[in-house]
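Listing of data_35.cif, mmCIF, C-alpha atoms
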```
data_structure
loop_
_atom_site.label_atom_id
_atom_site.label_comp_id
_atom_site.auth_asym_id
_atom_site.auth_seq_id
_atom_site.Cartn_x
_atom_site.Cartn_y
_atom_site.Cartn_z
CA MET A 1 5.60 -13.55 -8.07
CA LYS A 2 3.29 -15.49 -5.82
CA ASN A 3 -0.42 -14.83 -5.74
CA LEU A 4 -2.64 -14.97 -2.68
CA ILE A 5 -3.73 -18.55 -3.46
CA ASP A 6 -0.10 -19.78 -3.50
CA ILE A 7 0.60 -18.03 -0.20
CA LEU A 8 -2.63 -19.43 1.27
CA ASN A 9 -1.49 -22.92 0.33
CA GLU A 10 1.88 -22.29 2.05
CA VAL A 11 0.13 -21.03 5.20
CA LEU A 12 -2.18 -24.06 5.21
CA SER A 13 0.76 -26.45 4.75
CA GLU A 14 2.45 -24.83 7.77
CA GLY A 15 -0.56 -25.75 9.93
CA LYS A 16 -1.83 -22.17 10.27
CA TYR A 17 -5.34 -22.95 9.04
CA THR A 18 -7.54 -19.96 8.43
CA VAL A 19 -9.98 -18.61 5.89
CA GLY A 20 -10.36 -15.12 4.53
CA LEU A 21 -6.70 -14.19 4.16
CA SER A 22 -5.71 -10.77 2.81
CA PHE A 23 -2.54 -8.89 2.00
CA ILE A 24 -2.14 -6.29 4.74
CA LEU A 25 0.24 -3.33 4.84
CA ARG A 26 1.81 -2.53 8.20
CA TYR A 27 4.39 0.17 8.87
CA THR A 28 6.99 -1.28 11.23
CA SER A 29 10.72 -1.44 11.75
CA ASN A 30 10.53 -5.02 13.00
CA PRO A 31 7.73 -7.13 11.48
CA ARG A 32 8.97 -10.39 13.08
CA ARG A 33 8.84 -8.85 16.57
CA ASP A 34 5.37 -7.46 15.87
CA MET A 35 4.16 -10.85 14.64
CA ASP A 36 5.59 -12.61 17.71
CA ASN A 37 4.14 -9.93 20.02
CA GLY A 38 0.68 -10.25 18.47
CA HIS A 39 -0.88 -6.99 19.59
CA SER A 40 -0.96 -3.29 18.73
CA TYR A 41 -1.52 -0.08 20.61
CA HIS A 42 -3.53 2.93 19.49
CA GLN A 43 -2.62 6.27 21.07
CA LEU A 44 -5.52 8.08 22.72
CA GLN A 45 -3.79 11.39 23.38
CA ASP A 46 -6.85 13.43 22.39
CA ILE A 47 -8.88 12.03 25.27
CA LEU A 48 -6.23 13.24 27.71
CA HIS A 49 -7.38 16.82 27.09
CA TYR A 50 -10.97 15.95 27.90
CA ASP A 51 -11.91 17.47 31.26
CA GLY A 52 -8.27 18.01 32.20
CA LEU A 53 -7.27 14.35 32.12
CA GLU A 54 -3.75 15.30 31.01
CA LYS A 55 -3.04 16.15 34.67
CA TYR A 56 -3.82 12.57 35.67
CA VAL A 57 -2.24 10.45 32.96
CA ASN A 58 -0.22 8.44 35.46
CA GLY A 59 -3.36 7.01 37.01
CA THR A 60 -3.58 9.23 40.06
CA ASP A 61 -6.99 9.51 41.63
CA ILE A 62 -9.32 12.23 40.47
CA TYR A 63 -12.83 13.03 41.59
CA ASP A 64 -14.96 10.22 42.98
CA GLY A 65 -11.85 8.07 43.38
CA LEU A 66 -11.63 7.24 39.67
CA SER A 67 -8.32 7.08 37.84
CA ALA A 68 -7.69 8.73 34.49
CA ILE A 69 -7.84 5.31 32.85
CA GLU A 70 -11.24 4.59 34.41
CA ILE A 71 -12.61 7.96 33.29
CA ALA A 72 -11.16 7.54 29.78
CA ALA A 73 -12.70 4.06 29.56
CA HIS A 74 -16.07 5.50 30.56
CA VAL A 75 -15.85 8.45 28.15
CA LEU A 76 -14.71 6.24 25.24
CA ASP A 77 -17.02 3.35 26.12
CA LEU A 78 -14.07 0.95 26.37
CA ASP A 79 -13.09 -1.75 28.83
CA VAL A 80 -10.55 -0.57 31.42
CA ALA A 81 -8.54 -3.75 30.75
CA ASP A 82 -7.96 -2.55 27.17
CA LEU A 83 -6.31 0.72 28.27
CA GLU A 84 -2.74 1.23 29.45
CA VAL A 85 -0.33 4.08 30.09
CA ILE A 86 2.95 3.61 28.23
CA ASP A 87 5.64 6.29 28.43
CA GLY A 88 3.08 8.76 29.79
CA MET A 89 0.70 8.13 26.87
CA LEU A 90 -2.76 6.65 27.23
CA VAL A 91 -3.14 3.80 24.71
CA GLN A 92 -5.74 1.23 23.75
CA LYS A 93 -4.42 -2.32 23.38
CA PHE A 94 -5.74 -4.47 20.52
CA ASP A 95 -5.41 -8.24 20.29
CA GLY A 96 -3.92 -8.38 16.80
CA LEU A 97 -1.82 -6.08 14.67
CA PHE A 98 -2.92 -2.79 13.16
CA GLY A 99 -2.56 -2.34 9.41
CA PHE A 100 -4.27 -1.49 6.14
CA GLU A 101 -5.95 -4.09 3.94
CA LEU A 102 -4.64 -4.12 0.39
CA GLU A 103 -6.95 -4.92 -2.52
CA SER A 104 -4.31 -6.72 -4.60
CA GLU A 105 -4.53 -10.40 -5.45
CA THR A 106 -0.84 -10.99 -6.20
CA LEU A 107 2.20 -10.17 -4.11
CA GLU A 108 3.70 -8.14 -6.94
CA ASP A 109 0.56 -5.98 -7.13
CA ALA A 110 0.41 -5.73 -3.32
CA ILE A 111 3.99 -4.40 -3.23
CA GLY A 112 3.12 -1.74 -5.80
CA GLU A 113 -0.09 -0.85 -3.95
CA ALA A 114 1.79 -0.62 -0.65
CA HIS A 115 4.44 1.70 -2.08
CA ASP A 116 1.69 4.00 -3.45
CA PHE A 117 -0.49 3.82 -0.30
CA ARG A 118 -1.69 6.99 1.40
CA HIS A 119 -4.26 6.96 4.20
CA ASN A 120 -3.50 10.43 5.58
CA ASP A 121 -0.56 12.68 6.49
CA VAL A 122 0.60 10.23 9.16
CA TYR A 123 -0.03 6.86 7.52
CA ASN A 124 1.42 7.02 4.02
CA SER A 125 4.19 5.23 2.20
CA LYS A 126 5.95 8.38 1.05
CA SER A 127 6.89 9.41 4.58
CA MET A 128 7.20 5.85 5.95
CA SER A 129 8.78 4.07 2.97
CA ASP A 130 11.53 2.45 5.03
CA MET A 131 8.93 0.79 7.30
CA ILE A 132 6.74 -0.93 4.68
CA SER A 133 5.93 -4.57 5.47
CA ILE A 134 3.26 -6.75 3.93
CA PHE A 135 1.67 -9.58 5.86
CA VAL A 136 -0.83 -12.21 4.90
CA GLY A 137 -3.38 -12.34 7.66
CA MET A 138 -6.97 -12.65 8.70
CA ILE A 139 -8.85 -9.43 9.44
CA LEU A 140 -10.32 -9.47 12.95
CA SER A 141 -11.99 -6.06 12.96
CA VAL A 142 -12.28 -2.89 10.93
CA GLU A 143 -11.35 0.27 12.83
CA ALA A 144 -11.65 3.96 11.89
CA GLU A 145 -7.98 4.15 10.83
CA GLY A 146 -7.49 0.65 9.36
CA VAL A 147 -7.86 -3.00 10.35
CA ILE A 148 -6.81 -5.24 13.21
CA PHE A 149 -5.51 -8.54 11.88
CA ASP A 150 -4.10 -11.88 12.92
CA PRO A 151 -0.79 -12.20 11.03
CA LYS A 152 -0.03 -15.55 9.42
CA LYS A 153 3.07 -14.77 7.37
CA ILE A 154 5.38 -11.88 6.50
CA VAL A 155 5.59 -11.82 2.70
CA TYR A 156 7.46 -8.56 2.11
CA ASN A 157 9.68 -6.23 4.12
CA ARG A 158 11.04 -3.05 2.54
CA THR A 159 14.21 -3.14 4.63
CA HIS A 160 15.05 -6.65 3.32
CA GLU A 161 14.45 -6.15 -0.42
#
```
Would it be possible to restate this file's structure as structure tokens?
Amino acid sequence: MKNLIDILNEVLSEGKYTVGLSFILRYTSNPRRDMDNGHSYHQLQDILHYDGLEKYVNGTDIYDGLSAIEIAAHVLDLDVADLEVIDGMLVQKFDGLFGFELESETLEDAIGEAHDFRHNDVYNSKSMSDMISIFVGMILSVEAEGVIFDPKKIVYNRTHE
């Protein structure tokens, strides 16, 4: 099995120079599409119940001429440009993919860690075992639920074992 140093050398030889690479677990049915797409969305459904915003999810004007997205951006202290409505759901767009940093130093250990991973009742490998993918990437930011990362290489996909 390859270790992180071997994979780093591969990434560097492919012209994808970066420092600070990590193994990162991401639950997805299509890791290649995600990598090509390059961004993630975080659902903000809870904010829709704040002051009755659920009535205005499609961006219709509310008081003072503000849309639901503008009010949500103000309440959450976010930039309006980072919010979208997709399929009736208010989401925050991140430049980068969402995942969970793994502590392992070898791919073999990272695969084992990923299969045992449990963040909470939603994000855990027991209920999402068919969607396990491991990337090598650079962490861009740490969020409450995980990390946003710039993917450099897909090194493991559960559906293609």
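Proximity to Ser133 of chain A was assessed for A:Thr28, A:Asn37, A:Asn120, A:Gln92 counting all atoms listed in the file; the smallest distance is recorded for A:Thr28.
Distance annotation: of A:Tyr27, A:Glu105, A:Leu76, A:Ile71, the residue with the minimal separation from Lys126 of chain A is A:Tyr27; atom set is all atoms listed in the file.
Between Val155 of chain A and the residues A:Arg32, A:His42, A:Lys93, A:His74, the shortest atom-to-atom distance, using all atoms listed in the file, involves A:Arg32.
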Kindly resolve the PyMOL selection byres ((chain A and resi 128) around 12) on the present coordinates and return the residues as a ChimeraX atom specification. /A:25-29,114-127,129-133,158-159
I need the residue set behind the PyMOL selection byres ((chain A and resi 139-151) around 10) for this file; please write it as a ChimeraX atom specification. /A:18-26,31,34-36,38-40,42,94-101,119-120,123,134-138,152-154
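You will find atom CA of Arg33 of chain A at 26.8 Å from atom CA of Leu78 of chain A.
The neighbours of Leu83 of chain A here are the residues that come within 10 Å of it, using all atoms listed in the file and leaving out any residue fewer than 2 positions away in the same chain; they are Tyr41, His42, Gln43, Leu44, Ile69, Glu70, Ala72, Ala73, Leu78, Asp79, Val80, Ala81, Val85, Ile86, Leu90, Val91, Gln92, Lys93 and Phe94 of chain A.
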Taking every listed atom of segment 109-120 of chain A and adding 8 Å to each side, what centre and edge lengths in Å (one decimal) does the axis-aligned box have, as JSON?
```
{"center_x": 0.1, "center_y": 2.2, "center_z": -0.8, "size_x": 24.7, "size_y": 32.4, "size_z": 28.7}
```
Atom pair atom CA of Tyr156 of chain A / atom CA of Gly112 of chain A: separation (Å): 11.3 Å
